[in-house]
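Below: the structure, in structure tokens.
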Amino acid sequence: MKLSQPFFQLPVLFDVARLQAEVAALPARAWVPHPDRVPGNSAARLISADGLETDSVHGQMLPTPWLEAMPYLRQVLAGFGVVWSRSRLMRLAPGTGVPEHADINYHWHNRVRLHIPVFTRPEVRFHCDGQSVHMAAGEAWIFDNWRRHHVENNADAERIHLVADTTGTAAFWQFACGERPPRAAWRTVAYNPASRPQLLTENDLRSPVMPAAEVQLLVDDLRAELVAATDTSDTEARAARFSFLLENFVHDWRQLCALHGVSGAGRAEFVRLASAVHEAAKPLASGLVMRTNSAGALLVLEKRVLQHLVADEGAPSPKIGVQTRSDRPQERPQERPLEKPVFIIAAPRSGSTLLYETLACSPGFNSFGGEAHWLIEDHPSLRPGAPGLDSNRLVASDATAEITAAIRQLALSRRIGPDDAAPAEGAPLLEKTPKNALRIPFLKKIFPDARFIFLWRDPRENVSSIMEAWRAGGWVTYRALPGWDGPWSLLLPPGWQMMAGAPLETIAAWQWRSTNQTALDDLQHLSPEDWTSVNYHDFLADPDAVTRRLCDFAGVPFDAALQARTQGQLPLSRHTHTTPTPDKWRRNEAAILKVLPGLEACWHRLRNLV
């Protein structure tokens with residue numbers, strides 16, 4: 001939420017010893033990795049959807065069992081007299097931090113985050129928009145998370161804050177941001193053993209369609225922040241067109257709401273309008289940012305507006321009244337059999353099979369036993385040549401309700417454990433098909449909690465391997481394409497028709513560049529916790545360290561099978577064409593050097609990945 005200044009300290013203090021005692025009593029199993037997978041960050045959930053172990057921001061928020069066992073923390077939260085959304089204890093390991101960012105998602109448009117430090121040291125600093133503060137234990141703070149901010153824990157001990165999200169009442173905002181009394185007059189909230197207050201918690205179930213008034217509010221706020229990052233006439237002109245596009249979008253959305261209401265009728269028309277605006281905004285958005293935090297205009301439009309306009313089909317509708325945890329069906333493992341699947345995303349011939357076979361040896365993963373082209377292309381409407389499709393590129397709008405249900409069921413029925421063993425319940429699905437590098441938005445729509453491992457390889461080596469695959473004839477994917485002479489090998493990016501008559505090195509370089517650029521662009525629209533990247537050379541150089549990091553990302557133990565496989569030199573993958581040798585790409589050096597300049601920009605983006 002935007003505030004008039006970066007930080008506000010609230011004039012209230014809490015019993016530090018009591019806070020620390022309750023937090024220290026939490027068992028180790030209460031702590032889980034931070035949703036954004038930031039190294040050194042972990043959390044204990046206190047208020048969550050249905051009181052369950054989830055980081056969702058939608059649903060009936062209820063205290064978790066951890067908070068139920070912390071009477072003083074309940075009193076602390078209840079004492080503010082506000083309705084609480086998702087709330088947690090946030091732990092930051094010594095010598096780590098939270099990278100600089102701005103909170104641009106829809107959830108944060110009208111919510112503020114309250115911080116109450118529990119364990120901290122003076123070396124812990126919170127930075128926001130050029131200002132820096134130390135939040136001392138037992139104090140209460142809010143800050144403007146629309147501005148860029150970051151945290152540093154330079155102490156030799158853990159930092160733990162109680163962080164709780166709320167929209168706040170009028171009294172809360174007057175208390176937080178009004179004239180502050182002298183510190184000697186601040187109230188200290190003592191623990192009351194006889195008090196068991198009732199917490200007020202959000203019942204944030206999405207409307208099937210966002211009302212026009214809220215769309216107007218969100219879009220007006222975005223337009224007010226819209227600026228050109230570079231002072232050129234072209235960028236200024238695109239900024240004006242981008243703003244005008246959004247203004248017209250609000251008019252059209254209001255008309256659809258007037259025609260259909262917001263209960264879900266006419267859903268397809270709302271989805272088409274949102275998709276059309278997204279496609280129209282893409283070519284205009286380059287160089288357009290938000291004035292306050294320099295976030296990309298297109299990303300903010302997606303995260304704050306477009307992704308929340310229409311609820312997923314089958315999502316619960318808002319209900320009057322508050323339900324308790326016992327009133328609502330409990331989450332059972334069989335209801336979410338493919339929770340957090342992991343997709344390895346890579347250009348063809350970049351080493352993805354070796355990475356996949358390494359991870360899949362662990363019983364901590366289920367898999368399909370190899371590439372799963374059938375998972376998507378068994379559906380005729382998703383194959384190149386179907387109406388509206390001439391490549392392997394698929395986006396979120398291609399994931400209809402029928403397609404989504406069918407792919408989920410097919411994935412569930414075909415998963416296996418290592419060595420064709422029965423699948424392990426609760427183990428994430430691991431999947432590797434190169435074509436999926438062109439389908440990230442589609443996969444994310446079908447599997448909303450999917451995570452992606454993006455593998456990339458030096459273009460000289462990768463392009464050479466792609467050329468060898470074409471020559472070998474063992475990687476043919478399409479025997480006949482309209483206007484193409486002969487079979488097509490490997491994945492089929494949009495615009496393949498332009499390659500007709502081109503030399504092999506040009507085709508191979510174009511496949512490498514198109515795949516990596518598409519994946520990079522799509523991944524940047526995901527939350528940071530949803531993806532990570534791997535350099536193929538780093539993986540070969542230290543498979544143990546890289547595999548451990550990827551297991552941590554996937555939430556899978558680094559077990560004995562993985563330890564055995566990553567000790568020493570990795571075995572060859574099943575799709576190895578010729579034995580790897582140093583500088584093998586130089587067999588095609590003369591051809592590759594011709595196309596390498598056209599790959600430099602994409603290669604630079606890859607080298608800058610963190």
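Residues in the structure tokens are named by chain (A, B, ... in the order shown) and by number from 1 within that chain; ligands are numbered from 1 in the order shown.
Proximity to stretch 305-309 of chain A at 7 Å, evaluated using only C-alpha atoms and with sequence-adjacent residues fewer than 6 positions away removed, yields Tyr106, Val209, Met210, Leu218 and Ala274 of chain A.
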Closest pair table for stretch 63-164 of chain A residues within 12 Å of stretch 510-531 of chain A, only C-alpha atoms, as CSV:
```
residue,atom,partner,partner_atom,distance
A:Pro99,CA,A:Pro528,CA,10.9
A:His101,CA,A:Pro528,CA,10.6
A:Asp103,CA,A:Ser527,CA,10.8
A:Ile104,CA,A:Ser527,CA,10.8
A:Asn105,CA,A:Ser527,CA,9.7
```
Who sits within 12 Å of A:Arg272, only C-alpha atoms, same chain under 4 positions skipped, as a PyMOL selection string = chain A and resi 249+252-253+256+266-268+276-279+306+309-310+396-398
Å distance separating atom CA of A:Leu382 from atom CA of A:Thr506, one decimal place = 27.1 Å
Name the closest residue to A:Val476 among the candidates A:Ser489, A:Val300, A:Glu600, A:Val12; distances are taken between atoms, counting only C-alpha atoms.
-> A:Ser489
Within 9 Å of A:Ser48, counting only C-alpha atoms, which residues show up once you throw out same-chain ones fewer than 5 positions away? Write them as a list in words, please.
-> Glu53, Thr54, Asp55, Ser56, Val57, His58, Gly59, Gln60, Met61, Leu62, Pro63, Thr64, Ser85, Arg86, Ser87 and Arg88 of chain A
From a DSSP calculation on the backbone, collect every residue of stretch 4-188 of chain A in strand (DSSP E or B) and output the set as a PDB file with C-alpha atoms, in the first residue's frame.
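And here is the file that came out, part-v5.pdb:
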```pdb
ATOM      1  CA  PHE A   7       8.201   4.325   7.384  1.00  0.00           C
ATOM      2  CA  PHE A   8       5.785   4.907  10.272  1.00  0.00           C
ATOM      3  CA  GLN A   9       6.488   3.707  13.803  1.00  0.00           C
ATOM      4  CA  VAL A  12       2.853   1.117  21.120  1.00  0.00           C
ATOM      5  CA  LEU A  13       5.261  -1.382  22.705  1.00  0.00           C
ATOM      6  CA  PHE A  14       4.988  -5.108  23.471  1.00  0.00           C
ATOM      7  CA  TRP A  31       9.160 -23.359   9.945  1.00  0.00           C
ATOM      8  CA  VAL A  32       8.916 -23.688   6.170  1.00  0.00           C
ATOM      9  CA  PRO A  33      10.873 -22.132   3.289  1.00  0.00           C
ATOM     10  CA  ASN A  41      14.475 -16.810   4.596  1.00  0.00           C
ATOM     11  CA  SER A  42      11.896 -19.023   6.297  1.00  0.00           C
ATOM     12  CA  ALA A  43       8.454 -18.545   7.817  1.00  0.00           C
ATOM     13  CA  ALA A  44       5.963 -19.947  10.305  1.00  0.00           C
ATOM     14  CA  ARG A  45       2.344 -19.479   9.270  1.00  0.00           C
ATOM     15  CA  LEU A  46       0.066 -17.890  11.883  1.00  0.00           C
ATOM     16  CA  ILE A  47      -3.023 -16.892   9.867  1.00  0.00           C
ATOM     17  CA  SER A  48      -3.664 -18.651   6.565  1.00  0.00           C
ATOM     18  CA  ALA A  49      -6.450 -19.784   4.252  1.00  0.00           C
ATOM     19  CA  GLY A  59     -10.111 -17.755   1.094  1.00  0.00           C
ATOM     20  CA  GLN A  60     -11.308 -17.673   4.668  1.00  0.00           C
ATOM     21  CA  MET A  61      -8.309 -16.665   6.758  1.00  0.00           C
ATOM     22  CA  LEU A  62      -8.101 -18.503  10.094  1.00  0.00           C
ATOM     23  CA  PRO A  63      -5.504 -18.984  12.848  1.00  0.00           C
ATOM     24  CA  VAL A  83      -9.285  -7.578  10.151  1.00  0.00           C
ATOM     25  CA  TRP A  84      -6.165  -9.627   9.464  1.00  0.00           C
ATOM     26  CA  SER A  85      -5.172 -11.275   6.207  1.00  0.00           C
ATOM     27  CA  ARG A  86      -2.269 -13.706   5.773  1.00  0.00           C
ATOM     28  CA  SER A  87       0.124 -13.364   8.724  1.00  0.00           C
ATOM     29  CA  ARG A  88       3.388 -15.101   9.562  1.00  0.00           C
ATOM     30  CA  LEU A  89       6.595 -15.097  11.537  1.00  0.00           C
ATOM     31  CA  MET A  90       9.416 -14.256   9.139  1.00  0.00           C
ATOM     32  CA  ARG A  91      12.904 -15.538   9.970  1.00  0.00           C
ATOM     33  CA  LEU A  92      16.093 -14.221   8.395  1.00  0.00           C
ATOM     34  CA  GLY A  97      18.899 -10.460   3.472  1.00  0.00           C
ATOM     35  CA  VAL A  98      15.842  -9.823   1.374  1.00  0.00           C
ATOM     36  CA  PRO A  99      16.769  -8.519  -2.119  1.00  0.00           C
ATOM     37  CA  GLU A 100      15.501  -5.119  -3.189  1.00  0.00           C
ATOM     38  CA  HIS A 101      12.042  -5.250  -4.720  1.00  0.00           C
ATOM     39  CA  VAL A 112      -0.259  -2.783   4.570  1.00  0.00           C
ATOM     40  CA  ARG A 113       2.158  -5.074   6.393  1.00  0.00           C
ATOM     41  CA  LEU A 114       2.639  -4.578  10.123  1.00  0.00           C
ATOM     42  CA  HIS A 115       6.087  -5.542  11.493  1.00  0.00           C
ATOM     43  CA  ILE A 116       6.657  -6.382  15.159  1.00  0.00           C
ATOM     44  CA  PRO A 117      10.272  -7.476  15.730  1.00  0.00           C
ATOM     45  CA  VAL A 118      10.703 -10.405  18.128  1.00  0.00           C
ATOM     46  CA  PHE A 119      14.371 -11.371  17.816  1.00  0.00           C
ATOM     47  CA  VAL A 124      19.564  -5.554  11.168  1.00  0.00           C
ATOM     48  CA  ARG A 125      18.542  -2.726   8.842  1.00  0.00           C
ATOM     49  CA  PHE A 126      15.339  -2.212   6.851  1.00  0.00           C
ATOM     50  CA  HIS A 127      15.754   0.021   3.788  1.00  0.00           C
ATOM     51  CA  CYS A 128      12.902   1.700   1.892  1.00  0.00           C
ATOM     52  CA  GLN A 131      15.772   5.588   4.076  1.00  0.00           C
ATOM     53  CA  SER A 132      17.059   3.045   6.592  1.00  0.00           C
ATOM     54  CA  VAL A 133      15.794   2.101  10.064  1.00  0.00           C
ATOM     55  CA  TRP A 141       6.169  -0.493  12.267  1.00  0.00           C
ATOM     56  CA  ILE A 142       4.492  -0.174   8.885  1.00  0.00           C
ATOM     57  CA  PHE A 143       6.150   0.845   5.624  1.00  0.00           C
ATOM     58  CA  HIS A 149      12.784  -1.869  -0.263  1.00  0.00           C
ATOM     59  CA  HIS A 150      15.199  -4.475   1.061  1.00  0.00           C
ATOM     60  CA  VAL A 151      16.438  -5.929   4.358  1.00  0.00           C
ATOM     61  CA  GLU A 152      19.950  -6.722   5.593  1.00  0.00           C
ATOM     62  CA  ASN A 153      20.762  -8.956   8.554  1.00  0.00           C
ATOM     63  CA  ARG A 159      16.129 -12.027  12.923  1.00  0.00           C
ATOM     64  CA  ILE A 160      12.460 -12.937  13.479  1.00  0.00           C
ATOM     65  CA  HIS A 161       9.563 -10.524  12.905  1.00  0.00           C
ATOM     66  CA  LEU A 162       5.840 -10.981  13.329  1.00  0.00           C
ATOM     67  CA  VAL A 163       4.423  -9.713  10.024  1.00  0.00           C
ATOM     68  CA  ALA A 164       0.670  -9.334   9.543  1.00  0.00           C
ATOM     69  CA  ASP A 165      -1.304  -7.945   6.606  1.00  0.00           C
ATOM     70  CA  THR A 166      -4.392  -5.737   6.962  1.00  0.00           C
ATOM     71  CA  ARG A 187       1.217   2.220  25.855  1.00  0.00           C
ATOM     72  CA  THR A 188       2.906  -1.113  26.618  1.00  0.00           C
TER      73      THR A 188
END
```
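Residues in contact with stretch 239-246 of chain A at up to 8 Å, not including ones fewer than 4 positions away on its chain and judged by only C-alpha atoms, are A:Val219, A:Arg223, A:Leu226, A:Val227, A:Ala228, A:Thr235, A:Val250, A:Val277, A:Ala280, A:Ala281, A:Leu284, A:Ala285, A:Leu288.
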For N, CA, C and O atoms, I'd like the residues from the last selection saved as a CSV table (one decimal), in the first residue's frame.
```csv
chain,number,residue,atom,x,y,z
A,219,VAL,N,-6.9,0.6,-12.5
A,219,VAL,CA,-6.3,1.2,-13.7
A,219,VAL,C,-6.0,2.6,-13.6
A,219,VAL,O,-4.9,3.1,-14.0
A,223,ARG,N,-2.3,4.2,-14.2
A,223,ARG,CA,-2.1,5.3,-15.2
A,223,ARG,C,-1.4,6.5,-14.6
A,223,ARG,O,-0.6,7.2,-15.2
A,226,LEU,N,2.3,5.9,-14.5
A,226,LEU,CA,2.9,5.5,-15.7
A,226,LEU,C,3.9,6.6,-16.2
A,226,LEU,O,3.5,7.8,-16.4
A,227,VAL,N,5.1,6.3,-16.5
A,227,VAL,CA,6.1,7.2,-17.1
A,227,VAL,C,7.0,6.5,-18.1
A,227,VAL,O,7.0,5.2,-18.1
A,228,ALA,N,7.6,7.2,-18.9
A,228,ALA,CA,8.6,6.7,-19.9
A,228,ALA,C,10.0,6.6,-19.2
A,228,ALA,O,10.4,7.6,-18.6
A,235,THR,N,9.0,6.9,-27.0
A,235,THR,CA,8.6,6.3,-25.8
A,235,THR,C,7.4,7.1,-25.2
A,235,THR,O,6.4,6.5,-24.7
A,250,VAL,N,-11.3,0.1,-19.6
A,250,VAL,CA,-12.3,0.3,-18.5
A,250,VAL,C,-13.7,0.5,-19.0
A,250,VAL,O,-14.7,0.0,-18.5
A,277,VAL,N,-6.7,-7.0,-24.4
A,277,VAL,CA,-6.0,-5.8,-23.9
A,277,VAL,C,-4.5,-6.2,-23.6
A,277,VAL,O,-3.6,-5.4,-23.9
A,280,ALA,N,-2.6,-6.3,-26.9
A,280,ALA,CA,-2.5,-4.9,-27.4
A,280,ALA,C,-1.4,-4.1,-26.6
A,280,ALA,O,-0.8,-3.2,-27.1
A,281,ALA,N,-1.3,-4.4,-25.3
A,281,ALA,CA,-0.4,-3.7,-24.4
A,281,ALA,C,1.1,-4.1,-24.6
A,281,ALA,O,2.0,-3.3,-24.4
A,284,LEU,N,3.4,-2.0,-26.8
A,284,LEU,CA,3.5,-0.6,-26.3
A,284,LEU,C,4.3,-0.4,-25.1
A,284,LEU,O,4.7,0.7,-24.7
A,285,ALA,N,4.5,-1.5,-24.3
A,285,ALA,CA,5.0,-1.4,-23.0
A,285,ALA,C,6.5,-1.2,-22.8
A,285,ALA,O,7.0,-0.9,-21.8
A,288,LEU,N,8.3,1.5,-20.6
A,288,LEU,CA,7.3,2.2,-19.7
A,288,LEU,C,7.4,1.6,-18.3
A,288,LEU,O,7.4,0.4,-18.2
```
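If you count only C-alpha atoms and ignore residues fewer than 2 places along the chain from stretch 479-482 of chain A, what sits within 12 Å of it is Pro384, Gly385, Asp390, Ser391, Gly473, Gly474, Trp475, Val476, Thr477, Trp484, Asp485, Gly486, Pro487, Trp488, Ser489, Leu490, Leu492, Trp496, Gln497 and Ala500 of chain A.
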Would you mind writing down, as a PyMOL selection string, each residue of stretch 388-575 of chain A that DSSP on the backbone assigns to alpha helix (DSSP H)?
-> chain A and resi 401-414+440-446+459-472+504-523+536-541+543-554+560-566
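Neighbouring residues of A:Arg147 at 7 Å or closer, counting only C-alpha atoms and skipping chain neighbours under 4 positions away, are Ala102, Cys128, Asp129, Thr292 and Asn293 of chain A.
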Point-to-point distance from atom CA of A:Thr201 to atom CA of A:Arg148, Å rounded to tenths | 28.0 Å
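Atom CA of A:Trp108 lies 27.6 Å from atom CA of A:Ala258.
Closest approach to A:Asp559 among A:Ser362, A:Asn145, A:Thr532, A:Ser413: A:Ser362, based on only C-alpha atoms.
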